[in-house]
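Dropping final.cif in here (mmCIF, N, CA and C atoms):
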data_protein
#
loop_
_atom_site.label_atom_id
_atom_site.label_comp_id
_atom_site.auth_asym_id
_atom_site.auth_seq_id
_atom_site.Cartn_x
_atom_site.Cartn_y
_atom_site.Cartn_z
N MET A 1 19.24 2.88 16.60
CA MET A 1 17.83 2.57 16.71
C MET A 1 17.33 2.95 18.10
N SER A 2 16.09 3.33 18.15
CA SER A 2 15.53 3.69 19.44
C SER A 2 15.32 2.43 20.29
N GLU A 3 15.07 2.64 21.56
CA GLU A 3 14.83 1.52 22.48
C GLU A 3 13.71 0.62 21.99
N GLN A 4 12.64 1.23 21.46
CA GLN A 4 11.49 0.45 21.00
C GLN A 4 11.82 -0.37 19.75
N PHE A 5 12.83 0.03 19.01
CA PHE A 5 13.19 -0.66 17.78
C PHE A 5 14.62 -1.18 17.86
N SER A 6 14.81 -2.10 18.76
CA SER A 6 16.11 -2.76 18.88
C SER A 6 16.32 -3.62 17.64
N ALA A 7 17.52 -4.10 17.47
CA ALA A 7 17.82 -4.99 16.34
C ALA A 7 16.94 -6.23 16.40
N GLN A 8 16.65 -6.72 17.60
CA GLN A 8 15.80 -7.91 17.74
C GLN A 8 14.38 -7.63 17.27
N VAL A 9 13.83 -6.47 17.62
CA VAL A 9 12.47 -6.12 17.19
C VAL A 9 12.44 -5.97 15.67
N SER A 10 13.42 -5.27 15.13
CA SER A 10 13.49 -5.10 13.68
C SER A 10 13.59 -6.46 12.98
N ASP A 11 14.46 -7.32 13.49
CA ASP A 11 14.63 -8.65 12.88
C ASP A 11 13.34 -9.46 12.94
N ARG A 12 12.63 -9.38 14.05
CA ARG A 12 11.38 -10.13 14.21
C ARG A 12 10.32 -9.63 13.23
N ILE A 13 10.17 -8.32 13.13
CA ILE A 13 9.18 -7.76 12.21
C ILE A 13 9.54 -8.11 10.77
N CYS A 14 10.82 -7.96 10.42
CA CYS A 14 11.25 -8.25 9.05
C CYS A 14 11.04 -9.73 8.71
N ALA A 15 11.39 -10.62 9.62
CA ALA A 15 11.21 -12.05 9.35
C ALA A 15 9.73 -12.36 9.13
N HIS A 16 8.87 -11.80 9.97
CA HIS A 16 7.43 -12.02 9.82
C HIS A 16 6.93 -11.48 8.49
N MET A 17 7.31 -10.27 8.15
CA MET A 17 6.84 -9.67 6.90
C MET A 17 7.34 -10.45 5.69
N ASN A 18 8.61 -10.84 5.70
CA ASN A 18 9.17 -11.55 4.56
C ASN A 18 8.61 -12.96 4.41
N GLU A 19 8.34 -13.63 5.53
CA GLU A 19 7.84 -14.99 5.48
C GLU A 19 6.33 -15.05 5.23
N ASP A 20 5.58 -14.15 5.85
CA ASP A 20 4.12 -14.24 5.79
C ASP A 20 3.44 -13.18 4.92
N HIS A 21 4.15 -12.10 4.60
CA HIS A 21 3.51 -10.99 3.89
C HIS A 21 4.41 -10.43 2.79
N ALA A 22 5.06 -11.30 2.04
CA ALA A 22 5.95 -10.85 0.96
C ALA A 22 5.21 -10.00 -0.06
N ASP A 23 3.94 -10.32 -0.29
CA ASP A 23 3.14 -9.54 -1.24
C ASP A 23 2.97 -8.10 -0.74
N ALA A 24 2.82 -7.91 0.56
CA ALA A 24 2.68 -6.56 1.12
C ALA A 24 3.98 -5.78 0.98
N VAL A 25 5.11 -6.44 1.18
CA VAL A 25 6.40 -5.76 1.06
C VAL A 25 6.58 -5.27 -0.38
N LEU A 26 6.19 -6.08 -1.34
CA LEU A 26 6.27 -5.66 -2.75
C LEU A 26 5.31 -4.49 -3.01
N LEU A 27 4.12 -4.55 -2.43
CA LEU A 27 3.18 -3.44 -2.58
C LEU A 27 3.73 -2.14 -2.01
N TYR A 28 4.40 -2.21 -0.84
CA TYR A 28 5.03 -1.00 -0.27
C TYR A 28 6.00 -0.40 -1.27
N THR A 29 6.81 -1.26 -1.88
CA THR A 29 7.80 -0.78 -2.84
C THR A 29 7.14 -0.08 -4.01
N LYS A 30 6.13 -0.71 -4.58
CA LYS A 30 5.47 -0.15 -5.75
C LYS A 30 4.71 1.13 -5.44
N ALA A 31 4.08 1.21 -4.26
CA ALA A 31 3.24 2.35 -3.92
C ALA A 31 3.99 3.53 -3.33
N PHE A 32 5.07 3.26 -2.60
CA PHE A 32 5.72 4.32 -1.83
C PHE A 32 7.16 4.62 -2.27
N SER A 33 7.56 4.12 -3.44
CA SER A 33 8.88 4.45 -3.95
C SER A 33 8.77 4.69 -5.45
N LYS A 34 9.86 5.06 -6.05
CA LYS A 34 9.87 5.31 -7.50
C LYS A 34 9.94 4.01 -8.30
N PHE A 35 10.09 2.87 -7.63
CA PHE A 35 10.23 1.59 -8.31
C PHE A 35 8.88 0.90 -8.48
N THR A 36 8.02 1.52 -9.27
CA THR A 36 6.67 1.02 -9.47
C THR A 36 6.64 -0.28 -10.27
N ASP A 37 7.74 -0.60 -10.93
CA ASP A 37 7.80 -1.82 -11.73
C ASP A 37 8.57 -2.94 -11.03
N ALA A 38 8.76 -2.81 -9.72
CA ALA A 38 9.47 -3.85 -8.96
C ALA A 38 8.76 -5.19 -9.11
N THR A 39 9.54 -6.26 -9.13
CA THR A 39 8.97 -7.59 -9.28
C THR A 39 9.09 -8.42 -8.00
N ALA A 40 9.91 -7.99 -7.07
CA ALA A 40 10.08 -8.67 -5.79
C ALA A 40 10.67 -7.68 -4.80
N ALA A 41 10.43 -7.94 -3.51
CA ALA A 41 11.00 -7.05 -2.48
C ALA A 41 11.11 -7.82 -1.17
N GLN A 42 12.07 -7.40 -0.38
CA GLN A 42 12.31 -8.00 0.93
C GLN A 42 12.58 -6.87 1.92
N MET A 43 12.00 -6.97 3.12
CA MET A 43 12.23 -5.98 4.16
C MET A 43 13.55 -6.30 4.85
N LEU A 44 14.45 -5.33 4.84
CA LEU A 44 15.77 -5.50 5.45
C LEU A 44 15.79 -5.06 6.91
N SER A 45 15.14 -3.91 7.19
CA SER A 45 15.11 -3.39 8.56
C SER A 45 13.98 -2.39 8.69
N ILE A 46 13.61 -2.15 9.93
CA ILE A 46 12.57 -1.17 10.25
C ILE A 46 13.01 -0.43 11.50
N ASP A 47 12.74 0.88 11.52
CA ASP A 47 13.01 1.68 12.70
C ASP A 47 11.84 2.63 12.89
N SER A 48 11.95 3.51 13.84
CA SER A 48 10.81 4.37 14.17
C SER A 48 10.47 5.37 13.07
N LYS A 49 11.37 5.59 12.12
CA LYS A 49 11.13 6.58 11.08
C LYS A 49 10.83 5.99 9.71
N GLY A 50 11.16 4.71 9.51
CA GLY A 50 10.91 4.14 8.20
C GLY A 50 11.41 2.71 8.09
N MET A 51 11.37 2.20 6.86
CA MET A 51 11.83 0.84 6.61
C MET A 51 12.74 0.83 5.40
N ASP A 52 13.69 -0.11 5.43
CA ASP A 52 14.60 -0.31 4.32
C ASP A 52 14.27 -1.63 3.66
N LEU A 53 14.13 -1.57 2.34
CA LEU A 53 13.76 -2.74 1.56
C LEU A 53 14.83 -3.00 0.51
N ASN A 54 14.93 -4.24 0.08
CA ASN A 54 15.74 -4.60 -1.07
C ASN A 54 14.74 -5.05 -2.13
N ALA A 55 14.77 -4.43 -3.29
CA ALA A 55 13.80 -4.76 -4.34
C ALA A 55 14.51 -5.14 -5.63
N GLN A 56 13.81 -5.92 -6.42
CA GLN A 56 14.25 -6.24 -7.77
C GLN A 56 13.47 -5.34 -8.71
N ALA A 57 14.18 -4.48 -9.42
CA ALA A 57 13.53 -3.56 -10.36
C ALA A 57 14.44 -3.38 -11.57
N ASN A 58 13.84 -3.44 -12.71
CA ASN A 58 14.60 -3.29 -13.96
C ASN A 58 15.76 -4.27 -14.04
N GLY A 59 15.56 -5.47 -13.52
CA GLY A 59 16.57 -6.50 -13.61
C GLY A 59 17.74 -6.36 -12.65
N GLU A 60 17.64 -5.47 -11.68
CA GLU A 60 18.73 -5.33 -10.72
C GLU A 60 18.21 -5.14 -9.30
N ALA A 61 19.05 -5.40 -8.34
CA ALA A 61 18.70 -5.21 -6.94
C ALA A 61 18.93 -3.75 -6.55
N VAL A 62 17.93 -3.17 -5.90
CA VAL A 62 18.03 -1.78 -5.44
C VAL A 62 17.60 -1.70 -3.99
N THR A 63 18.20 -0.78 -3.26
CA THR A 63 17.81 -0.53 -1.87
C THR A 63 16.81 0.61 -1.86
N VAL A 64 15.75 0.43 -1.12
CA VAL A 64 14.66 1.40 -1.06
C VAL A 64 14.44 1.80 0.39
N ARG A 65 14.37 3.09 0.65
CA ARG A 65 14.03 3.61 1.98
C ARG A 65 12.64 4.21 1.89
N ILE A 66 11.72 3.74 2.72
CA ILE A 66 10.38 4.29 2.77
C ILE A 66 10.17 4.89 4.15
N GLU A 67 9.93 6.19 4.18
CA GLU A 67 9.71 6.91 5.43
C GLU A 67 8.25 6.79 5.84
N PHE A 68 8.01 6.69 7.15
CA PHE A 68 6.65 6.67 7.67
C PHE A 68 6.12 8.10 7.76
N ASP A 69 4.79 8.24 7.86
CA ASP A 69 4.19 9.56 7.97
C ASP A 69 4.23 10.11 9.39
N HIS A 70 4.74 9.31 10.33
CA HIS A 70 4.92 9.76 11.71
C HIS A 70 6.01 8.89 12.34
N VAL A 71 6.55 9.33 13.44
CA VAL A 71 7.54 8.54 14.17
C VAL A 71 6.80 7.48 14.97
N LEU A 72 7.16 6.24 14.75
CA LEU A 72 6.49 5.14 15.43
C LEU A 72 6.88 5.09 16.90
N LYS A 73 5.90 4.76 17.74
CA LYS A 73 6.14 4.71 19.18
C LYS A 73 6.73 3.37 19.61
N ASP A 74 6.26 2.29 18.98
CA ASP A 74 6.68 0.95 19.41
C ASP A 74 6.29 -0.06 18.34
N ALA A 75 6.51 -1.33 18.63
CA ALA A 75 6.21 -2.39 17.67
C ALA A 75 4.72 -2.46 17.35
N GLU A 76 3.87 -2.18 18.32
CA GLU A 76 2.43 -2.20 18.06
C GLU A 76 2.04 -1.10 17.09
N ASP A 77 2.63 0.08 17.26
CA ASP A 77 2.40 1.18 16.33
C ASP A 77 2.89 0.77 14.93
N ALA A 78 4.01 0.08 14.86
CA ALA A 78 4.52 -0.40 13.57
C ALA A 78 3.51 -1.33 12.92
N HIS A 79 2.97 -2.24 13.70
CA HIS A 79 1.98 -3.19 13.19
C HIS A 79 0.79 -2.46 12.56
N HIS A 80 0.23 -1.51 13.28
CA HIS A 80 -0.93 -0.78 12.79
C HIS A 80 -0.57 0.08 11.57
N THR A 81 0.60 0.68 11.59
CA THR A 81 1.04 1.52 10.48
C THR A 81 1.26 0.70 9.22
N LEU A 82 1.89 -0.47 9.36
CA LEU A 82 2.12 -1.32 8.20
C LEU A 82 0.80 -1.82 7.60
N ILE A 83 -0.16 -2.12 8.45
CA ILE A 83 -1.48 -2.53 7.95
C ILE A 83 -2.13 -1.38 7.18
N GLU A 84 -2.08 -0.19 7.74
CA GLU A 84 -2.68 0.96 7.07
C GLU A 84 -1.98 1.25 5.74
N MET A 85 -0.67 1.10 5.72
CA MET A 85 0.08 1.34 4.49
C MET A 85 -0.27 0.32 3.41
N VAL A 86 -0.47 -0.93 3.78
CA VAL A 86 -0.83 -1.92 2.76
C VAL A 86 -2.23 -1.64 2.22
N LYS A 87 -3.12 -1.16 3.07
CA LYS A 87 -4.45 -0.77 2.59
C LYS A 87 -4.34 0.37 1.58
N GLN A 88 -3.51 1.37 1.88
CA GLN A 88 -3.29 2.49 0.96
C GLN A 88 -2.69 2.00 -0.35
N ALA A 89 -1.72 1.09 -0.25
CA ALA A 89 -1.06 0.57 -1.44
C ALA A 89 -2.05 -0.20 -2.31
N ARG A 90 -2.92 -0.97 -1.69
CA ARG A 90 -3.92 -1.73 -2.46
C ARG A 90 -4.89 -0.77 -3.16
N GLN A 91 -5.27 0.31 -2.48
CA GLN A 91 -6.15 1.30 -3.10
C GLN A 91 -5.47 1.93 -4.32
N GLN A 92 -4.18 2.27 -4.17
CA GLN A 92 -3.44 2.87 -5.29
C GLN A 92 -3.35 1.89 -6.45
N ALA A 93 -3.17 0.62 -6.16
CA ALA A 93 -3.03 -0.39 -7.21
C ALA A 93 -4.32 -0.53 -8.01
N LYS A 94 -5.46 -0.25 -7.39
CA LYS A 94 -6.74 -0.34 -8.08
C LYS A 94 -6.97 0.81 -9.05
N MET A 95 -6.27 1.91 -8.84
CA MET A 95 -6.47 3.11 -9.66
C MET A 95 -5.82 2.97 -11.02
#

The structure given in the file should be rewritten as structure tokens.
Amino acid sequence: MSEQFSAQVSDRICAHMNEDHADAVLLYTKAFSKFTDATAAQMLSIDSKGMDLNAQANGEAVTVRIEFDHVLKDAEDAHHTLIEMVKQARQQAKM
């Protein structure tokens, strides 16, 4: 992991997302992976290039890697990128 994405930073972001934004993590899975029928998801880790999720799909646990559209600079960039991604996911869900 890069300096900006130490294990502590990844753990902090993941804990926040899983505790406060579980619905967003599920939306990421449905919108940005092939598991559009996922019923639950949890963020396992995040780094400057993407995030790893564990999702429940088709009755089994699957690991999902979602790449970002750019290399993140720091935790603040991650925050803004995750917000933008959830907005995109919500738009896709409306279609």

Pick out the closest residue to Arg90 in chain A from this set: A:Glu67, A:Asp37, A:Glu76, A:Asp23. Count only C-alpha atoms. A:Asp23

Work out how far apart CA of Lys34 in chain A and CA of Gln8 in chain A are and give it in Å to one decimal. 29.1 Å

Give the answer as one residue: which of A:Arg65, A:Leu27, A:Ser33, A:Ser45 has the shortest atom-to-atom distance to Lys87 in chain A, using only C-alpha atoms? A:Leu27

Name the residues of chain A that come out as alpha helix (DSSP H) in a backbone DSSP run; write them as number ranges by chain. A: 7-20, 22-32, 75-94

In Å, rounded to a single decimal, give me how far atom C of Phe35 in chain A is from atom N of Cys14 in chain A. 21.0 Å

Please expand the PyMOL selection byres (((chain A and resi 48-58 and name CA) around 9) and name CA) into the concrete residues it hits in this file, giving the result as a ChimeraX atom specification. /A:1-2,4-5,25-26,29,35-47,59-75,78

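Atom N of Met95 in chain A lies 25.4 Å from atom C of Glu19 in chain A.
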
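The smallest atom-to-atom distance between Gln88 in chain A and any of A:Ala31, A:Val9, A:Ala22, A:Met17, using only C-alpha atoms, is found for A:Ala31.
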
Select from chain A everything DSSP, run on the backbone, classes as strand (DSSP E), then give the selection as a list of chain:residue names. A:Ala40, A:Ala41, A:Gln42, A:Met43, A:Leu44, A:Ser45, A:Ile46, A:Gly50, A:Met51, A:Asp52, A:Leu53, A:Asn54, A:Ala55, A:Gln56, A:Ala57, A:Glu60, A:Ala61, A:Val62, A:Thr63, A:Val64, A:Arg65, A:Ile66, A:Glu67

Would you mind exporting N, CA and C atoms of the selected residues as a short mmCIF file (atom, residue, chain, number, x, y, z; two decimals), in the coordinates of the input?
data_model
loop_
_atom_site.label_atom_id
_atom_site.label_comp_id
_atom_site.auth_asym_id
_atom_site.auth_seq_id
_atom_site.Cartn_x
_atom_site.Cartn_y
_atom_site.Cartn_z
N ALA A 40 9.91 -7.99 -7.07
CA ALA A 40 10.08 -8.67 -5.79
C ALA A 40 10.67 -7.68 -4.80
N ALA A 41 10.43 -7.94 -3.51
CA ALA A 41 11.00 -7.05 -2.48
C ALA A 41 11.11 -7.82 -1.17
N GLN A 42 12.07 -7.40 -0.38
CA GLN A 42 12.31 -8.00 0.93
C GLN A 42 12.58 -6.87 1.92
N MET A 43 12.00 -6.97 3.12
CA MET A 43 12.23 -5.98 4.16
C MET A 43 13.55 -6.30 4.85
N LEU A 44 14.45 -5.33 4.84
CA LEU A 44 15.77 -5.50 5.45
C LEU A 44 15.79 -5.06 6.91
N SER A 45 15.14 -3.91 7.19
CA SER A 45 15.11 -3.39 8.56
C SER A 45 13.98 -2.39 8.69
N ILE A 46 13.61 -2.15 9.93
CA ILE A 46 12.57 -1.17 10.25
C ILE A 46 13.01 -0.43 11.50
N GLY A 50 11.16 4.71 9.51
CA GLY A 50 10.91 4.14 8.20
C GLY A 50 11.41 2.71 8.09
N MET A 51 11.37 2.20 6.86
CA MET A 51 11.83 0.84 6.61
C MET A 51 12.74 0.83 5.40
N ASP A 52 13.69 -0.11 5.43
CA ASP A 52 14.60 -0.31 4.32
C ASP A 52 14.27 -1.63 3.66
N LEU A 53 14.13 -1.57 2.34
CA LEU A 53 13.76 -2.74 1.56
C LEU A 53 14.83 -3.00 0.51
N ASN A 54 14.93 -4.24 0.08
CA ASN A 54 15.74 -4.60 -1.07
C ASN A 54 14.74 -5.05 -2.13
N ALA A 55 14.77 -4.43 -3.29
CA ALA A 55 13.80 -4.76 -4.34
C ALA A 55 14.51 -5.14 -5.63
N GLN A 56 13.81 -5.92 -6.42
CA GLN A 56 14.25 -6.24 -7.77
C GLN A 56 13.47 -5.34 -8.71
N ALA A 57 14.18 -4.48 -9.42
CA ALA A 57 13.53 -3.56 -10.36
C ALA A 57 14.44 -3.38 -11.57
N GLU A 60 17.64 -5.47 -11.68
CA GLU A 60 18.73 -5.33 -10.72
C GLU A 60 18.21 -5.14 -9.30
N ALA A 61 19.05 -5.40 -8.34
CA ALA A 61 18.70 -5.21 -6.94
C ALA A 61 18.93 -3.75 -6.55
N VAL A 62 17.93 -3.17 -5.90
CA VAL A 62 18.03 -1.78 -5.44
C VAL A 62 17.60 -1.70 -3.99
N THR A 63 18.20 -0.78 -3.26
CA THR A 63 17.81 -0.53 -1.87
C THR A 63 16.81 0.61 -1.86
N VAL A 64 15.75 0.43 -1.12
CA VAL A 64 14.66 1.40 -1.06
C VAL A 64 14.44 1.80 0.39
N ARG A 65 14.37 3.09 0.65
CA ARG A 65 14.03 3.61 1.98
C ARG A 65 12.64 4.21 1.89
N ILE A 66 11.72 3.74 2.72
CA ILE A 66 10.38 4.29 2.77
C ILE A 66 10.17 4.89 4.15
N GLU A 67 9.93 6.19 4.18
CA GLU A 67 9.71 6.91 5.43
C GLU A 67 8.25 6.79 5.84
#

Would you kindly place all heavy atoms on range 41-52 of chain A and return the model as a compact mmCIF listing (two decimals), in the frame of the given file?
# COMPACT_ATOMS: atom_id res chain seq x y z
N ALA A 41 10.43 -7.94 -3.51
CA ALA A 41 11.00 -7.05 -2.48
C ALA A 41 11.11 -7.82 -1.17
O ALA A 41 10.35 -8.75 -0.92
CB ALA A 41 10.14 -5.81 -2.30
N GLN A 42 12.07 -7.40 -0.38
CA GLN A 42 12.31 -8.00 0.93
C GLN A 42 12.58 -6.87 1.92
O GLN A 42 13.30 -5.92 1.61
CB GLN A 42 13.51 -8.94 0.86
CG GLN A 42 13.82 -9.64 2.15
CD GLN A 42 14.97 -10.61 2.00
OE1 GLN A 42 15.85 -10.43 1.16
NE2 GLN A 42 14.97 -11.64 2.82
N MET A 43 12.00 -6.97 3.12
CA MET A 43 12.23 -5.98 4.16
C MET A 43 13.55 -6.30 4.85
O MET A 43 13.74 -7.40 5.37
CB MET A 43 11.07 -5.97 5.16
CG MET A 43 11.17 -4.86 6.18
SD MET A 43 9.78 -4.82 7.35
CE MET A 43 8.45 -4.25 6.29
N LEU A 44 14.45 -5.33 4.84
CA LEU A 44 15.77 -5.50 5.45
C LEU A 44 15.79 -5.06 6.91
O LEU A 44 16.41 -5.70 7.75
CB LEU A 44 16.83 -4.72 4.68
CG LEU A 44 17.00 -5.08 3.21
CD1 LEU A 44 17.99 -4.12 2.55
CD2 LEU A 44 17.46 -6.53 3.07
N SER A 45 15.14 -3.91 7.19
CA SER A 45 15.11 -3.39 8.56
C SER A 45 13.98 -2.39 8.69
O SER A 45 13.46 -1.88 7.70
CB SER A 45 16.45 -2.72 8.91
OG SER A 45 16.64 -1.56 8.11
N ILE A 46 13.61 -2.15 9.93
CA ILE A 46 12.57 -1.17 10.25
C ILE A 46 13.01 -0.43 11.50
O ILE A 46 13.62 -1.01 12.40
CB ILE A 46 11.18 -1.84 10.43
CG1 ILE A 46 10.09 -0.80 10.66
CG2 ILE A 46 11.21 -2.89 11.52
CD1 ILE A 46 8.67 -1.37 10.60
N ASP A 47 12.74 0.88 11.52
CA ASP A 47 13.01 1.68 12.70
C ASP A 47 11.84 2.63 12.89
O ASP A 47 10.85 2.54 12.17
CB ASP A 47 14.36 2.42 12.57
CG ASP A 47 14.43 3.32 11.36
OD1 ASP A 47 13.58 4.22 11.22
OD2 ASP A 47 15.35 3.14 10.53
N SER A 48 11.95 3.51 13.84
CA SER A 48 10.81 4.37 14.17
C SER A 48 10.47 5.37 13.07
O SER A 48 9.37 5.91 13.05
CB SER A 48 11.07 5.12 15.48
OG SER A 48 12.20 5.96 15.35
N LYS A 49 11.37 5.59 12.12
CA LYS A 49 11.13 6.58 11.08
C LYS A 49 10.83 5.99 9.71
O LYS A 49 10.34 6.69 8.83
CB LYS A 49 12.32 7.53 10.98
CG LYS A 49 12.51 8.36 12.23
CD LYS A 49 13.65 9.32 12.09
CE LYS A 49 13.80 10.13 13.38
NZ LYS A 49 14.93 11.04 13.29
N GLY A 50 11.16 4.71 9.51
CA GLY A 50 10.91 4.14 8.20
C GLY A 50 11.41 2.71 8.09
O GLY A 50 11.84 2.10 9.07
N MET A 51 11.37 2.20 6.86
CA MET A 51 11.83 0.84 6.61
C MET A 51 12.74 0.83 5.40
O MET A 51 12.61 1.64 4.48
CB MET A 51 10.65 -0.10 6.41
CG MET A 51 9.73 0.24 5.28
SD MET A 51 8.34 -0.94 5.19
CE MET A 51 7.02 0.16 4.71
N ASP A 52 13.69 -0.11 5.43
CA ASP A 52 14.60 -0.31 4.32
C ASP A 52 14.27 -1.63 3.66
O ASP A 52 14.12 -2.67 4.33
CB ASP A 52 16.06 -0.34 4.82
CG ASP A 52 16.49 1.01 5.36
OD1 ASP A 52 16.28 2.02 4.67
OD2 ASP A 52 17.02 1.05 6.48
